[in-house]
Amino acid sequence: MKNRSCVSTFMMMGLSEHPKLQIPLFILFLFLYIVALIGNLSIIVAIFSYPKLHRPMYFFLFHLAVVDIICISSIIPKMLANIATFSKSISYSGCIGQLYSFTWCLGIETVLFTVMAYDRYVAICYPLRYTVIMNKKVCLALSTVVFLIAVTNAWVHTGLIMRLNFCGPNVINHFFCEIPPLLTLSCSPVRINEICVFTADIVLVTGDFLLTCLSYCLIVRTVLKIKTSEGKKKAFSTCSSHLIVVSLYYFTVIYVYIRPASSYSSERDKVVAALYTLFTPAVNPVVYTLRNKDVKAALRKVFFSST
């Protein structure tokens, strides 16, 4: 019986096969990578060096920045290398490693967005009790739960992929090793994989999205009670930008993972996947810090005082 050893190398087709698009795609991916790296590294440095940012909100923002860097670094460098060297190959072990790293990041971000929404709910709805409710022990407990959920989710899905047989073809019509395109290449039954992916999508992604929306609904209810129009405008502006990015992330993930492998559409799903793997890590630093005076003050202190 043939097993996965029959396929030792996969060929990734990338976001597009058109030769004329390779240079523009290389520039686009490099730009997104640089923007995401600079933005998220700036957040990490600012939070580390500025005591005023040693608070629960920035504690979780620090985690998000680290995860975003890991996520894009597990995908974009390989994409750039394949475009630059005209190579499309990735080893079986490399593909599994990329799959695990991305699935781990996906699990953390999914739950972390919910935790961050809860943190904002406590800060806005219970400002006087915020430091009591979101104390150090609670923050550490929440981050531990997020980490354990992500590790469990990644190990389950990666382990189920590793038990499959890949007898050929070995062409992955995608720009990285993700679960749906890999399932379409398997010559083993993938029913168990599909059930686990569907369950995780419903419980983890959809559940977290509903909890996030609930937090923001409660925030909006509290904001409507604010008497000053300036206070309402500021709160709505911040919450709406957060919710737009989070909704884009959740909806695209739900769209890709909630369907069976037989309905996978390579061209359409690659574009959708690019939104939550490439676009979101580059946008998160801007959305979560652009209107934040403390972060901007920390960045000015770090970068201008050192020059």
# chains A, B, ... in the order shown; residues from 1 in each chain; ligands from 1
$ select_by_dssp --residues "range 144-226 of chain A" --states "alpha helix (DSSP H)" --output "PDB file with N, CA, C and O atoms, in the first residue's frame"
ATOM      1  N   THR A 144      -2.847  31.960  29.173  1.00  0.00           N
ATOM      2  CA  THR A 144      -2.560  30.522  29.239  1.00  0.00           C
ATOM      3  C   THR A 144      -3.648  29.713  28.548  1.00  0.00           C
ATOM      4  O   THR A 144      -3.361  28.770  27.795  1.00  0.00           O
ATOM      5  N   VAL A 145      -4.903  30.086  28.791  1.00  0.00           N
ATOM      6  CA  VAL A 145      -6.020  29.403  28.135  1.00  0.00           C
ATOM      7  C   VAL A 145      -5.941  29.564  26.622  1.00  0.00           C
ATOM      8  O   VAL A 145      -6.148  28.605  25.861  1.00  0.00           O
ATOM      9  N   VAL A 146      -5.637  30.780  26.181  1.00  0.00           N
ATOM     10  CA  VAL A 146      -5.495  31.039  24.741  1.00  0.00           C
ATOM     11  C   VAL A 146      -4.412  30.152  24.144  1.00  0.00           C
ATOM     12  O   VAL A 146      -4.600  29.526  23.087  1.00  0.00           O
ATOM     13  N   PHE A 147      -3.267  30.069  24.828  1.00  0.00           N
ATOM     14  CA  PHE A 147      -2.142  29.264  24.338  1.00  0.00           C
ATOM     15  C   PHE A 147      -2.505  27.778  24.286  1.00  0.00           C
ATOM     16  O   PHE A 147      -2.211  27.098  23.293  1.00  0.00           O
ATOM     17  N   LEU A 148      -3.138  27.271  25.322  1.00  0.00           N
ATOM     18  CA  LEU A 148      -3.483  25.849  25.367  1.00  0.00           C
ATOM     19  C   LEU A 148      -4.505  25.482  24.283  1.00  0.00           C
ATOM     20  O   LEU A 148      -4.402  24.429  23.655  1.00  0.00           O
ATOM     21  N   ILE A 149      -5.483  26.354  24.073  1.00  0.00           N
ATOM     22  CA  ILE A 149      -6.476  26.106  23.013  1.00  0.00           C
ATOM     23  C   ILE A 149      -5.800  26.066  21.648  1.00  0.00           C
ATOM     24  O   ILE A 149      -6.071  25.192  20.819  1.00  0.00           O
ATOM     25  N   ALA A 150      -4.883  27.005  21.421  1.00  0.00           N
ATOM     26  CA  ALA A 150      -4.198  27.078  20.130  1.00  0.00           C
ATOM     27  C   ALA A 150      -3.310  25.862  19.902  1.00  0.00           C
ATOM     28  O   ALA A 150      -3.282  25.292  18.799  1.00  0.00           O
ATOM     29  N   VAL A 151      -2.563  25.447  20.913  1.00  0.00           N
ATOM     30  CA  VAL A 151      -1.684  24.277  20.784  1.00  0.00           C
ATOM     31  C   VAL A 151      -2.499  23.019  20.521  1.00  0.00           C
ATOM     32  O   VAL A 151      -2.158  22.206  19.644  1.00  0.00           O
ATOM     33  N   THR A 152      -3.581  22.843  21.273  1.00  0.00           N
ATOM     34  CA  THR A 152      -4.440  21.664  21.079  1.00  0.00           C
ATOM     35  C   THR A 152      -5.036  21.649  19.681  1.00  0.00           C
ATOM     36  O   THR A 152      -5.030  20.621  18.996  1.00  0.00           O
ATOM     37  N   ASN A 153      -5.547  22.786  19.253  1.00  0.00           N
ATOM     38  CA  ASN A 153      -6.142  22.893  17.920  1.00  0.00           C
ATOM     39  C   ASN A 153      -5.119  22.580  16.828  1.00  0.00           C
ATOM     40  O   ASN A 153      -5.405  21.826  15.882  1.00  0.00           O
ATOM     41  N   ALA A 154      -3.912  23.117  16.965  1.00  0.00           N
ATOM     42  CA  ALA A 154      -2.872  22.895  15.958  1.00  0.00           C
ATOM     43  C   ALA A 154      -2.425  21.436  15.923  1.00  0.00           C
ATOM     44  O   ALA A 154      -2.242  20.861  14.838  1.00  0.00           O
ATOM     45  N   TRP A 155      -2.230  20.834  17.097  1.00  0.00           N
ATOM     46  CA  TRP A 155      -1.789  19.443  17.141  1.00  0.00           C
ATOM     47  C   TRP A 155      -2.839  18.503  16.563  1.00  0.00           C
ATOM     48  O   TRP A 155      -2.503  17.541  15.848  1.00  0.00           O
ATOM     49  N   VAL A 156      -4.103  18.742  16.856  1.00  0.00           N
ATOM     50  CA  VAL A 156      -5.171  17.875  16.349  1.00  0.00           C
ATOM     51  C   VAL A 156      -5.215  17.912  14.828  1.00  0.00           C
ATOM     52  O   VAL A 156      -5.191  16.862  14.156  1.00  0.00           O
ATOM     53  N   HIS A 157      -5.265  19.114  14.256  1.00  0.00           N
ATOM     54  CA  HIS A 157      -5.386  19.226  12.796  1.00  0.00           C
ATOM     55  C   HIS A 157      -4.112  18.761  12.079  1.00  0.00           C
ATOM     56  O   HIS A 157      -4.188  18.095  11.042  1.00  0.00           O
ATOM     57  N   THR A 158      -2.947  19.104  12.627  1.00  0.00           N
ATOM     58  CA  THR A 158      -1.694  18.667  12.004  1.00  0.00           C
ATOM     59  C   THR A 158      -1.543  17.156  12.096  1.00  0.00           C
ATOM     60  O   THR A 158      -1.121  16.500  11.134  1.00  0.00           O
ATOM     61  N   GLY A 159      -1.893  16.584  13.257  1.00  0.00           N
ATOM     62  CA  GLY A 159      -1.822  15.126  13.411  1.00  0.00           C
ATOM     63  C   GLY A 159      -2.746  14.400  12.459  1.00  0.00           C
ATOM     64  O   GLY A 159      -2.383  13.354  11.899  1.00  0.00           O
ATOM     65  N   LEU A 160      -3.942  14.944  12.241  1.00  0.00           N
ATOM     66  CA  LEU A 160      -4.883  14.315  11.312  1.00  0.00           C
ATOM     67  C   LEU A 160      -4.395  14.409   9.871  1.00  0.00           C
ATOM     68  O   LEU A 160      -4.643  13.502   9.061  1.00  0.00           O
ATOM     69  N   ILE A 161      -3.702  15.489   9.530  1.00  0.00           N
ATOM     70  CA  ILE A 161      -3.125  15.606   8.182  1.00  0.00           C
ATOM     71  C   ILE A 161      -1.989  14.594   8.008  1.00  0.00           C
ATOM     72  O   ILE A 161      -1.853  13.960   6.956  1.00  0.00           O
ATOM     73  N   MET A 162      -1.177  14.399   9.041  1.00  0.00           N
ATOM     74  CA  MET A 162      -0.032  13.495   8.959  1.00  0.00           C
ATOM     75  C   MET A 162      -0.444  12.034   8.822  1.00  0.00           C
ATOM     76  O   MET A 162       0.345  11.214   8.336  1.00  0.00           O
ATOM     77  N   ILE A 179      -4.985  23.571   5.286  1.00  0.00           N
ATOM     78  CA  ILE A 179      -5.732  22.317   5.391  1.00  0.00           C
ATOM     79  C   ILE A 179      -6.599  22.019   4.165  1.00  0.00           C
ATOM     80  O   ILE A 179      -6.494  20.920   3.602  1.00  0.00           O
ATOM     81  N   PRO A 180      -7.482  22.936   3.703  1.00  0.00           N
ATOM     82  CA  PRO A 180      -8.373  22.593   2.580  1.00  0.00           C
ATOM     83  C   PRO A 180      -7.656  22.095   1.316  1.00  0.00           C
ATOM     84  O   PRO A 180      -8.036  21.047   0.777  1.00  0.00           O
ATOM     85  N   PRO A 181      -6.624  22.795   0.798  1.00  0.00           N
ATOM     86  CA  PRO A 181      -5.977  22.276  -0.413  1.00  0.00           C
ATOM     87  C   PRO A 181      -5.241  20.962  -0.187  1.00  0.00           C
ATOM     88  O   PRO A 181      -5.138  20.144  -1.116  1.00  0.00           O
ATOM     89  N   LEU A 182      -4.732  20.727   1.016  1.00  0.00           N
ATOM     90  CA  LEU A 182      -4.063  19.458   1.293  1.00  0.00           C
ATOM     91  C   LEU A 182      -5.055  18.303   1.305  1.00  0.00           C
ATOM     92  O   LEU A 182      -4.737  17.196   0.857  1.00  0.00           O
ATOM     93  N   LEU A 183      -6.250  18.546   1.815  1.00  0.00           N
ATOM     94  CA  LEU A 183      -7.261  17.493   1.844  1.00  0.00           C
ATOM     95  C   LEU A 183      -7.655  17.058   0.435  1.00  0.00           C
ATOM     96  O   LEU A 183      -7.966  15.886   0.206  1.00  0.00           O
ATOM     97  N   THR A 184      -7.640  17.992  -0.510  1.00  0.00           N
ATOM     98  CA  THR A 184      -8.011  17.647  -1.888  1.00  0.00           C
ATOM     99  C   THR A 184      -6.958  16.762  -2.556  1.00  0.00           C
ATOM    100  O   THR A 184      -7.258  16.098  -3.557  1.00  0.00           O
ATOM    101  N   LEU A 185      -5.721  16.741  -2.025  1.00  0.00           N
ATOM    102  CA  LEU A 185      -4.643  15.938  -2.614  1.00  0.00           C
ATOM    103  C   LEU A 185      -4.540  14.544  -2.003  1.00  0.00           C
ATOM    104  O   LEU A 185      -3.828  13.686  -2.534  1.00  0.00           O
ATOM    105  N   ARG A 191     -12.864  12.226   5.763  1.00  0.00           N
ATOM    106  CA  ARG A 191     -14.096  12.548   6.466  1.00  0.00           C
ATOM    107  C   ARG A 191     -13.840  13.014   7.892  1.00  0.00           C
ATOM    108  O   ARG A 191     -14.433  13.994   8.357  1.00  0.00           O
ATOM    109  N   ILE A 192     -12.939  12.321   8.598  1.00  0.00           N
ATOM    110  CA  ILE A 192     -12.625  12.698   9.975  1.00  0.00           C
ATOM    111  C   ILE A 192     -12.021  14.094  10.022  1.00  0.00           C
ATOM    112  O   ILE A 192     -12.346  14.908  10.890  1.00  0.00           O
ATOM    113  N   ASN A 193     -11.126  14.376   9.073  1.00  0.00           N
ATOM    114  CA  ASN A 193     -10.521  15.712   8.997  1.00  0.00           C
ATOM    115  C   ASN A 193     -11.575  16.782   8.798  1.00  0.00           C
ATOM    116  O   ASN A 193     -11.547  17.834   9.453  1.00  0.00           O
ATOM    117  N   GLU A 194     -12.503  16.529   7.887  1.00  0.00           N
ATOM    118  CA  GLU A 194     -13.548  17.514   7.599  1.00  0.00           C
ATOM    119  C   GLU A 194     -14.442  17.743   8.811  1.00  0.00           C
ATOM    120  O   GLU A 194     -14.839  18.883   9.089  1.00  0.00           O
ATOM    121  N   ILE A 195     -14.750  16.679   9.543  1.00  0.00           N
ATOM    122  CA  ILE A 195     -15.590  16.817  10.735  1.00  0.00           C
ATOM    123  C   ILE A 195     -14.886  17.655  11.793  1.00  0.00           C
ATOM    124  O   ILE A 195     -15.481  18.547  12.413  1.00  0.00           O
ATOM    125  N   CYS A 196     -13.586  17.384  11.997  1.00  0.00           N
ATOM    126  CA  CYS A 196     -12.827  18.136  13.002  1.00  0.00           C
ATOM    127  C   CYS A 196     -12.664  19.597  12.598  1.00  0.00           C
ATOM    128  O   CYS A 196     -12.753  20.498  13.451  1.00  0.00           O
ATOM    129  N   VAL A 197     -12.417  19.856  11.310  1.00  0.00           N
ATOM    130  CA  VAL A 197     -12.296  21.235  10.837  1.00  0.00           C
ATOM    131  C   VAL A 197     -13.621  21.968  11.000  1.00  0.00           C
ATOM    132  O   VAL A 197     -13.665  23.115  11.467  1.00  0.00           O
ATOM    133  N   PHE A 198     -14.714  21.303  10.640  1.00  0.00           N
ATOM    134  CA  PHE A 198     -16.040  21.912  10.758  1.00  0.00           C
ATOM    135  C   PHE A 198     -16.377  22.199  12.218  1.00  0.00           C
ATOM    136  O   PHE A 198     -16.889  23.274  12.558  1.00  0.00           O
ATOM    137  N   THR A 199     -16.074  21.239  13.088  1.00  0.00           N
ATOM    138  CA  THR A 199     -16.352  21.413  14.518  1.00  0.00           C
ATOM    139  C   THR A 199     -15.549  22.571  15.098  1.00  0.00           C
ATOM    140  O   THR A 199     -16.077  23.401  15.854  1.00  0.00           O
ATOM    141  N   ALA A 200     -14.263  22.623  14.755  1.00  0.00           N
ATOM    142  CA  ALA A 200     -13.406  23.708  15.250  1.00  0.00           C
ATOM    143  C   ALA A 200     -13.892  25.054  14.732  1.00  0.00           C
ATOM    144  O   ALA A 200     -13.850  26.061  15.450  1.00  0.00           O
ATOM    145  N   GLY A 207     -18.004  30.633  17.536  1.00  0.00           N
ATOM    146  CA  GLY A 207     -18.277  30.923  18.944  1.00  0.00           C
ATOM    147  C   GLY A 207     -17.552  32.168  19.414  1.00  0.00           C
ATOM    148  O   GLY A 207     -18.140  33.031  20.083  1.00  0.00           O
ATOM    149  N   ASP A 208     -16.262  32.277  19.074  1.00  0.00           N
ATOM    150  CA  ASP A 208     -15.493  33.452  19.479  1.00  0.00           C
ATOM    151  C   ASP A 208     -16.011  34.721  18.807  1.00  0.00           C
ATOM    152  O   ASP A 208     -16.013  35.797  19.412  1.00  0.00           O
ATOM    153  N   PHE A 209     -16.422  34.594  17.562  1.00  0.00           N
ATOM    154  CA  PHE A 209     -16.956  35.763  16.858  1.00  0.00           C
ATOM    155  C   PHE A 209     -18.231  36.269  17.532  1.00  0.00           C
ATOM    156  O   PHE A 209     -18.415  37.483  17.719  1.00  0.00           O
ATOM    157  N   LEU A 210     -19.112  35.357  17.931  1.00  0.00           N
ATOM    158  CA  LEU A 210     -20.352  35.757  18.597  1.00  0.00           C
ATOM    159  C   LEU A 210     -20.063  36.403  19.953  1.00  0.00           C
ATOM    160  O   LEU A 210     -20.702  37.394  20.327  1.00  0.00           O
ATOM    161  N   LEU A 211     -19.090  35.859  20.683  1.00  0.00           N
ATOM    162  CA  LEU A 211     -18.712  36.448  21.974  1.00  0.00           C
ATOM    163  C   LEU A 211     -18.100  37.836  21.777  1.00  0.00           C
ATOM    164  O   LEU A 211     -18.344  38.752  22.569  1.00  0.00           O
ATOM    165  N   THR A 212     -17.315  37.978  20.723  1.00  0.00           N
ATOM    166  CA  THR A 212     -16.725  39.290  20.409  1.00  0.00           C
ATOM    167  C   THR A 212     -17.811  40.306  20.079  1.00  0.00           C
ATOM    168  O   THR A 212     -17.781  41.452  20.563  1.00  0.00           O
ATOM    169  N   CYS A 213     -18.763  39.884  19.254  1.00  0.00           N
ATOM    170  CA  CYS A 213     -19.873  40.779  18.910  1.00  0.00           C
ATOM    171  C   CYS A 213     -20.687  41.152  20.140  1.00  0.00           C
ATOM    172  O   CYS A 213     -21.128  42.303  20.281  1.00  0.00           O
ATOM    173  N   LEU A 214     -20.879  40.181  21.050  1.00  0.00           N
ATOM    174  CA  LEU A 214     -21.618  40.456  22.285  1.00  0.00           C
ATOM    175  C   LEU A 214     -20.900  41.517  23.122  1.00  0.00           C
ATOM    176  O   LEU A 214     -21.535  42.433  23.661  1.00  0.00           O
ATOM    177  N   SER A 215     -19.575  41.394  23.210  1.00  0.00           N
ATOM    178  CA  SER A 215     -18.788  42.379  23.972  1.00  0.00           C
ATOM    179  C   SER A 215     -18.961  43.770  23.386  1.00  0.00           C
ATOM    180  O   SER A 215     -19.180  44.750  24.122  1.00  0.00           O
ATOM    181  N   TYR A 216     -18.886  43.873  22.058  1.00  0.00           N
ATOM    182  CA  TYR A 216     -19.019  45.187  21.428  1.00  0.00           C
ATOM    183  C   TYR A 216     -20.443  45.726  21.505  1.00  0.00           C
ATOM    184  O   TYR A 216     -20.645  46.952  21.560  1.00  0.00           O
ATOM    185  N   CYS A 217     -21.432  44.848  21.508  1.00  0.00           N
ATOM    186  CA  CYS A 217     -22.818  45.307  21.684  1.00  0.00           C
ATOM    187  C   CYS A 217     -23.011  45.919  23.065  1.00  0.00           C
ATOM    188  O   CYS A 217     -23.668  46.969  23.217  1.00  0.00           O
ATOM    189  N   LEU A 218     -22.432  45.282  24.069  1.00  0.00           N
ATOM    190  CA  LEU A 218     -22.507  45.820  25.432  1.00  0.00           C
ATOM    191  C   LEU A 218     -21.730  47.129  25.542  1.00  0.00           C
ATOM    192  O   LEU A 218     -22.137  48.047  26.276  1.00  0.00           O
ATOM    193  N   ILE A 219     -20.626  47.208  24.809  1.00  0.00           N
ATOM    194  CA  ILE A 219     -19.849  48.450  24.792  1.00  0.00           C
ATOM    195  C   ILE A 219     -20.671  49.580  24.162  1.00  0.00           C
ATOM    196  O   ILE A 219     -20.716  50.702  24.690  1.00  0.00           O
ATOM    197  N   VAL A 220     -21.325  49.283  23.052  1.00  0.00           N
ATOM    198  CA  VAL A 220     -22.144  50.288  22.370  1.00  0.00           C
ATOM    199  C   VAL A 220     -23.270  50.772  23.283  1.00  0.00           C
ATOM    200  O   VAL A 220     -23.579  51.977  23.349  1.00  0.00           O
ATOM    201  N   ARG A 221     -23.871  49.835  24.012  1.00  0.00           N
ATOM    202  CA  ARG A 221     -24.945  50.215  24.932  1.00  0.00           C
ATOM    203  C   ARG A 221     -24.451  51.187  26.005  1.00  0.00           C
ATOM    204  O   ARG A 221     -25.144  52.150  26.364  1.00  0.00           O
ATOM    205  N   THR A 222     -23.233  50.930  26.476  1.00  0.00           N
ATOM    206  CA  THR A 222     -22.643  51.824  27.477  1.00  0.00           C
ATOM    207  C   THR A 222     -22.263  53.168  26.858  1.00  0.00           C
ATOM    208  O   THR A 222     -22.470  54.224  27.463  1.00  0.00           O
ATOM    209  N   VAL A 223     -21.735  53.129  25.647  1.00  0.00           N
ATOM    210  CA  VAL A 223     -21.311  54.355  24.970  1.00  0.00           C
ATOM    211  C   VAL A 223     -22.498  55.275  24.714  1.00  0.00           C
ATOM    212  O   VAL A 223     -22.387  56.508  24.800  1.00  0.00           O
TER     213      VAL A 223
END
$ residues_around --residues "Leu37 in chain A" --least-positions-apart "3" --cutoff "8 Å" --atoms "only C-alpha atoms" --output "list of chain:residue names"
A:Tyr33, A:Ile34, A:Asn40, A:Leu41, A:Ile69, A:Ala282
$ atom_distance --atom1 "CA of Leu248 in chain A" --atom2 "CA of Val45 in chain A"
27.1 Å
$ select_by_dssp --residues "range 24-216 of chain A" --states "strand (DSSP E or B)" --output "list in words"
Ser89, Ile90, Ser91, Val171 and Ile172 of chain A
$ residues_around --residues "range 167-171 of chain A" --least-positions-apart "5" --cutoff "6 Å" --atoms "only C-alpha atoms" --output "list of chain:residue names"
A:Cys6, A:Phe10, A:Met11
$ write_last_selection --atoms "N, CA and C atoms" --output "PDB file, in the first residue's frame"
ATOM      1  N   CYS A   6       5.314   8.383  -0.553  1.00  0.00           N
ATOM      2  CA  CYS A   6       5.288   8.481  -2.014  1.00  0.00           C
ATOM      3  C   CYS A   6       5.433   9.929  -2.458  1.00  0.00           C
ATOM      4  N   PHE A  10       6.115  18.747  -2.196  1.00  0.00           N
ATOM      5  CA  PHE A  10       4.934  19.354  -2.792  1.00  0.00           C
ATOM      6  C   PHE A  10       5.354  20.532  -3.664  1.00  0.00           C
ATOM      7  N   MET A  11       4.507  20.846  -4.642  1.00  0.00           N
ATOM      8  CA  MET A  11       4.732  22.002  -5.500  1.00  0.00           C
ATOM      9  C   MET A  11       3.616  23.010  -5.248  1.00  0.00           C
TER      10      MET A  11
END
$ closest_residue --among "A:Val253, A:Val111, A:Phe175, A:Val287" --to "Ile90 in chain A" --atoms "only C-alpha atoms"
A:Phe175
$ closest_residue --among "A:Ala298, A:Leu164, A:Ile202, A:Ile43" --to "Asp68 in chain A" --atoms "only C-alpha atoms"
A:Ile43
$ closest_residue --among "A:Ser186, A:Thr206, A:Thr228, A:Ser240" --to "Thr252 in chain A" --atoms "only C-alpha atoms"
A:Thr206
$ closest_residue --among "A:Tyr50, A:Tyr257, A:Tyr118, A:Phe26" --to "Asp294 in chain A" --atoms "only C-alpha atoms"
A:Tyr50
$ residues_around --residues "Pro56 in chain A" --least-positions-apart "2" --cutoff "8 Å" --atoms "only C-alpha atoms" --output "MDAnalysis selection string"
chainID A and resid 54 58:60 119 134:136 139
